[in-house]
Amino acid sequence: MDAAVIRQTCVGLDIFSAKNRLFSLYPQLNETDIEITYQESDYRRFIVTDCKLTNGKIMLFATSKNAIRYLPSNYQENDFLNRYLMIFQHLQNDVSIKIDNINELFRPMHCPSDFLQVLANWLGINVELLGTEEKRRLFLQYAIPLFKLRGTILGLKVYVYILTGIVPEIIENYVPYSRLDIYENTNITSGIFNREGDSCVFTVSFPVEKEYFDENLIKRLSLLLQQEKPVNTDCYICFKKKKVKPRKRTVINNKTTVSTTMTL
C-alpha cells in the first residue's frame with residue numbers, strides 16, 4: 001500500500017466514501033485495518049482531512065463535533081473534559097455514519113461488498129454466475145430495468161454482455177451443430193435435438209473463438225442462459241470457427257523424381 005495514493009484517494013471525502021474507496025482499491029483490507037481518529041472542527045462533520053499508513057494500518061483523521069460545545073462556556077475550555085467527551089463522540093459518530101449513509105446500502109455501485117449478496121437475494125439473482133465484484137455491481141445496478149427485458153433478444157444480449165464483455169448474435173430457429181458428442185461426464189437437462197419443424201430454439205453466436213473464454217466462464221455462461229432463456233425454448237452456444245490453414249499440395253507426375261532412403 002502506498003501512503004501517497006491513500007492520501008490522494010481519501011482526503012476530502014466523507015468517511016463512508018473513503019472506506020469504500022479503500023476496500024475497492026485494496027480488496028484484502030478488513031474493517032480492523034482502518035482506524036479513524038476524529039478531530040474537533042467547525043467544518044462539515046466526517047470529512048477526511050489527513051491519513052497515514054502505520055504498521056500496515058490506515059489511519060484516517062476526520063472532522064467531528066464535540067458534545068462539550070453544548071455545555072456552559074466555563075466548561076468548554078476544560079482540556080480533560082474535552083478529551084473525555086470525545087470518547088463518547090467517537091462511539092456516536094460510528095452510529096451516525098451508518099444512519100447518514102443507510103441509503104447507500106441500496107445502491108449496488110456504492111454499497112459495501114458484503115451487502116451485494118443481500119441485494120441479490122432480495123432480487124432472486126445468483127451473483128455467483130457473474131464472476132468479479134465489478135460485474136456483480138453492474139448487474140445489480142441494472143437488475144430492475146433488465147427484468148422488463150427478460151425473455152427477449154435484447155435482454156439476453158445485455159445479460160451476456162455484462163458477463164463476457166461481448167455482444168453476441170442471437171439467431172432464432174437455428175441449430176449450429178450437425179453432430180453432438182456426448183461424453184461420460186456430460187450433464188443433459190433438456191432435449192438434445194429438436195423435432196422437425198420445431199421453432200422453439202435459438203443459438204447464441206460469439207464472433208470469437210472458443211479459446212477466448214476459459215472453461216469456468218463458459219460454464220457460468222451456460223448456466224446464465226439456462227436461467228434467463230424462455231422456459232419453452234432450447235438454447236445453443238457457438239463460437240467462431242478457427243481458420244484452417246490450407247494444406248500444401250504436392251503434384252506428382254511422370255516427370256517427378258522421387259528418392260527414398262530405407263532404414264533397417
# chains A, B, ... in the order shown; residues from 1 in each chain; ligands from 1
>>> select_by_dssp(residues="segment 23-254 of chain A", states="strand (DSSP E)", output="PDB file with C-alpha atoms, in the first residue's frame")
ATOM      1  CA  ILE A  34      -8.736   1.056   9.145  1.00  0.00           C
ATOM      2  CA  GLU A  35      -8.668   3.228  12.258  1.00  0.00           C
ATOM      3  CA  ILE A  36     -10.477   6.554  12.475  1.00  0.00           C
ATOM      4  CA  THR A  37      -9.466   9.442  14.713  1.00  0.00           C
ATOM      5  CA  TYR A  38     -11.947  12.293  14.984  1.00  0.00           C
ATOM      6  CA  GLN A  39     -10.714  15.834  15.480  1.00  0.00           C
ATOM      7  CA  GLU A  40     -12.994  18.617  16.609  1.00  0.00           C
ATOM      8  CA  VAL A  48     -11.253  13.086   5.970  1.00  0.00           C
ATOM      9  CA  THR A  49      -8.586  15.757   6.444  1.00  0.00           C
ATOM     10  CA  ASP A  50      -5.485  13.559   6.544  1.00  0.00           C
ATOM     11  CA  CYS A  51      -4.387   9.945   6.549  1.00  0.00           C
ATOM     12  CA  LYS A  52      -1.319   7.922   7.465  1.00  0.00           C
ATOM     13  CA  LEU A  53      -0.045   4.390   6.970  1.00  0.00           C
ATOM     14  CA  THR A  54       1.260   2.963  10.243  1.00  0.00           C
ATOM     15  CA  LYS A  57      -2.918   0.013   9.275  1.00  0.00           C
ATOM     16  CA  ILE A  58      -4.532   3.013   7.646  1.00  0.00           C
ATOM     17  CA  MET A  59      -5.169   5.924   9.983  1.00  0.00           C
ATOM     18  CA  LEU A  60      -7.887   8.329   8.876  1.00  0.00           C
ATOM     19  CA  PHE A  61      -8.294  11.713  10.545  1.00  0.00           C
ATOM     20  CA  ALA A  62     -11.765  13.188  10.174  1.00  0.00           C
ATOM     21  CA  THR A  63     -13.728  16.211  11.332  1.00  0.00           C
ATOM     22  CA  SER A  64     -16.271  15.919  14.108  1.00  0.00           C
ATOM     23  CA  GLU A 169     -25.547 -12.554 -32.272  1.00  0.00           C
ATOM     24  CA  ILE A 170     -28.750 -14.393 -31.396  1.00  0.00           C
ATOM     25  CA  ILE A 171     -30.106 -16.490 -34.252  1.00  0.00           C
ATOM     26  CA  GLU A 172     -33.624 -17.815 -33.890  1.00  0.00           C
ATOM     27  CA  VAL A 201     -34.808 -22.957 -30.456  1.00  0.00           C
ATOM     28  CA  PHE A 202     -32.161 -20.269 -30.815  1.00  0.00           C
ATOM     29  CA  THR A 203     -28.382 -20.012 -30.972  1.00  0.00           C
ATOM     30  CA  VAL A 204     -26.122 -17.531 -29.192  1.00  0.00           C
ATOM     31  CA  SER A 205     -23.226 -16.971 -31.583  1.00  0.00           C
ATOM     32  CA  PHE A 206     -19.980 -15.297 -30.475  1.00  0.00           C
ATOM     33  CA  ASP A 234     -33.748 -24.677 -26.197  1.00  0.00           C
ATOM     34  CA  CYS A 235     -30.557 -22.650 -26.424  1.00  0.00           C
ATOM     35  CA  TYR A 236     -27.225 -23.447 -28.071  1.00  0.00           C
ATOM     36  CA  ILE A 237     -23.887 -21.657 -27.908  1.00  0.00           C
ATOM     37  CA  CYS A 238     -21.466 -21.499 -30.808  1.00  0.00           C
ATOM     38  CA  PHE A 239     -18.187 -19.744 -31.463  1.00  0.00           C
TER      39      PHE A 239
END
>>> residues_around(residues="Leu163 of chain A", least_positions_apart="6", cutoff="9 Å", atoms="only C-alpha atoms", output="MDAnalysis selection string")
chainID A and resid 129:131 135:136 139 217 220:221 224
>>> residues_around(residues="Ala18 of chain A", least_positions_apart="2", cutoff="10 Å", atoms="only C-alpha atoms", output="ChimeraX atom specification")
/A:6-7,9-16,20-24,47-48,60
>>> write_last_selection(atoms="N, CA, C and O atoms", output="PDB file, in the first residue's frame")
ATOM      1  N   ILE A   6      -3.031   6.556  -0.950  1.00  0.00           N
ATOM      2  CA  ILE A   6      -4.116   6.538   0.021  1.00  0.00           C
ATOM      3  C   ILE A   6      -4.559   7.959   0.354  1.00  0.00           C
ATOM      4  O   ILE A   6      -5.755   8.254   0.423  1.00  0.00           O
ATOM      5  N   ARG A   7      -3.592   8.850   0.567  1.00  0.00           N
ATOM      6  CA  ARG A   7      -3.931  10.240   0.889  1.00  0.00           C
ATOM      7  C   ARG A   7      -4.677  10.893  -0.270  1.00  0.00           C
ATOM      8  O   ARG A   7      -5.670  11.594  -0.075  1.00  0.00           O
ATOM      9  N   THR A   9      -6.462   9.435  -2.447  1.00  0.00           N
ATOM     10  CA  THR A   9      -7.769   8.787  -2.613  1.00  0.00           C
ATOM     11  C   THR A   9      -8.780   9.253  -1.582  1.00  0.00           C
ATOM     12  O   THR A   9      -9.963   9.429  -1.901  1.00  0.00           O
ATOM     13  N   CYS A  10      -8.340   9.456  -0.339  1.00  0.00           N
ATOM     14  CA  CYS A  10      -9.271   9.648   0.769  1.00  0.00           C
ATOM     15  C   CYS A  10      -9.518  11.094   1.182  1.00  0.00           C
ATOM     16  O   CYS A  10     -10.641  11.437   1.580  1.00  0.00           O
ATOM     17  N   VAL A  11      -8.494  11.928   1.135  1.00  0.00           N
ATOM     18  CA  VAL A  11      -8.630  13.284   1.668  1.00  0.00           C
ATOM     19  C   VAL A  11      -9.704  14.051   0.903  1.00  0.00           C
ATOM     20  O   VAL A  11      -9.715  14.084  -0.337  1.00  0.00           O
ATOM     21  N   GLY A  12     -10.626  14.658   1.650  1.00  0.00           N
ATOM     22  CA  GLY A  12     -11.712  15.424   1.050  1.00  0.00           C
ATOM     23  C   GLY A  12     -13.011  14.659   0.949  1.00  0.00           C
ATOM     24  O   GLY A  12     -14.074  15.260   0.737  1.00  0.00           O
ATOM     25  N   LEU A  13     -12.950  13.331   1.101  1.00  0.00           N
ATOM     26  CA  LEU A  13     -14.167  12.515   1.057  1.00  0.00           C
ATOM     27  C   LEU A  13     -14.726  12.340   2.458  1.00  0.00           C
ATOM     28  O   LEU A  13     -14.029  12.522   3.450  1.00  0.00           O
ATOM     29  N   ASP A  14     -15.991  11.961   2.530  1.00  0.00           N
ATOM     30  CA  ASP A  14     -16.539  11.601   3.826  1.00  0.00           C
ATOM     31  C   ASP A  14     -16.061  10.202   4.205  1.00  0.00           C
ATOM     32  O   ASP A  14     -15.577   9.449   3.355  1.00  0.00           O
ATOM     33  N   ILE A  15     -16.179   9.852   5.467  1.00  0.00           N
ATOM     34  CA  ILE A  15     -15.652   8.582   5.975  1.00  0.00           C
ATOM     35  C   ILE A  15     -16.208   7.386   5.214  1.00  0.00           C
ATOM     36  O   ILE A  15     -15.484   6.479   4.821  1.00  0.00           O
ATOM     37  N   PHE A  16     -17.516   7.390   4.991  1.00  0.00           N
ATOM     38  CA  PHE A  16     -18.164   6.248   4.325  1.00  0.00           C
ATOM     39  C   PHE A  16     -17.594   6.045   2.916  1.00  0.00           C
ATOM     40  O   PHE A  16     -17.215   4.926   2.544  1.00  0.00           O
ATOM     41  N   ASN A  20     -15.062   2.932   1.415  1.00  0.00           N
ATOM     42  CA  ASN A  20     -15.438   2.156   0.232  1.00  0.00           C
ATOM     43  C   ASN A  20     -14.366   2.228  -0.845  1.00  0.00           C
ATOM     44  O   ASN A  20     -14.083   1.237  -1.523  1.00  0.00           O
ATOM     45  N   ARG A  21     -13.770   3.408  -1.025  1.00  0.00           N
ATOM     46  CA  ARG A  21     -12.687   3.553  -1.993  1.00  0.00           C
ATOM     47  C   ARG A  21     -11.500   2.668  -1.608  1.00  0.00           C
ATOM     48  O   ARG A  21     -10.879   2.040  -2.467  1.00  0.00           O
ATOM     49  N   LEU A  22     -11.188   2.646  -0.337  1.00  0.00           N
ATOM     50  CA  LEU A  22     -10.051   1.843   0.122  1.00  0.00           C
ATOM     51  C   LEU A  22     -10.315   0.354  -0.064  1.00  0.00           C
ATOM     52  O   LEU A  22      -9.429  -0.397  -0.495  1.00  0.00           O
ATOM     53  N   PHE A  23     -11.527  -0.099   0.244  1.00  0.00           N
ATOM     54  CA  PHE A  23     -11.865  -1.508   0.068  1.00  0.00           C
ATOM     55  C   PHE A  23     -11.841  -1.898  -1.403  1.00  0.00           C
ATOM     56  O   PHE A  23     -11.494  -3.029  -1.750  1.00  0.00           O
ATOM     57  N   SER A  24     -12.211  -0.958  -2.270  1.00  0.00           N
ATOM     58  CA  SER A  24     -12.162  -1.224  -3.702  1.00  0.00           C
ATOM     59  C   SER A  24     -10.724  -1.239  -4.207  1.00  0.00           C
ATOM     60  O   SER A  24     -10.369  -2.056  -5.068  1.00  0.00           O
ATOM     61  N   ILE A  47     -15.527  14.459   7.465  1.00  0.00           N
ATOM     62  CA  ILE A  47     -14.725  14.656   6.260  1.00  0.00           C
ATOM     63  C   ILE A  47     -13.270  14.322   6.581  1.00  0.00           C
ATOM     64  O   ILE A  47     -12.714  14.785   7.576  1.00  0.00           O
ATOM     65  N   VAL A  48     -12.640  13.493   5.751  1.00  0.00           N
ATOM     66  CA  VAL A  48     -11.253  13.086   5.970  1.00  0.00           C
ATOM     67  C   VAL A  48     -10.328  14.260   5.653  1.00  0.00           C
ATOM     68  O   VAL A  48     -10.359  14.796   4.546  1.00  0.00           O
ATOM     69  N   LEU A  60      -7.133   7.237   9.483  1.00  0.00           N
ATOM     70  CA  LEU A  60      -7.887   8.329   8.876  1.00  0.00           C
ATOM     71  C   LEU A  60      -8.223   9.370   9.950  1.00  0.00           C
ATOM     72  O   LEU A  60      -8.713   9.022  11.030  1.00  0.00           O
TER      73      LEU A  60
END
>>> residues_around(residues="Leu105 of chain A", least_positions_apart="6", cutoff="12 Å", atoms="only C-alpha atoms", output="PyMOL selection string")
chain A and resi 16-17+20+98-99+111-119
>>> write_last_selection(atoms="C-alpha atoms", output="compact mmCIF listing (two decimals), in the first residue's frame")
# COMPACT_ATOMS: atom_id res chain seq x y z
CA PHE A 16 -18.16 6.25 4.33
CA SER A 17 -16.98 7.02 0.78
CA ASN A 20 -15.44 2.16 0.23
CA LYS A 98 -24.27 4.28 9.34
CA ILE A 99 -27.54 6.15 9.73
CA CYS A 111 -22.66 -0.36 -1.06
CA PRO A 112 -20.10 -2.48 0.85
CA SER A 113 -19.04 -5.71 -0.86
CA ASP A 114 -20.63 -7.96 1.74
CA PHE A 115 -24.04 -6.34 1.14
CA LEU A 116 -24.13 -7.30 -2.55
CA GLN A 117 -25.30 -10.81 -1.68
CA VAL A 118 -28.17 -9.36 0.37
CA LEU A 119 -29.34 -7.26 -2.58
>>> atom_distance(atom1="atom CA of Gln92 of chain A", atom2="atom CA of Asp33 of chain A")
20.3 Å
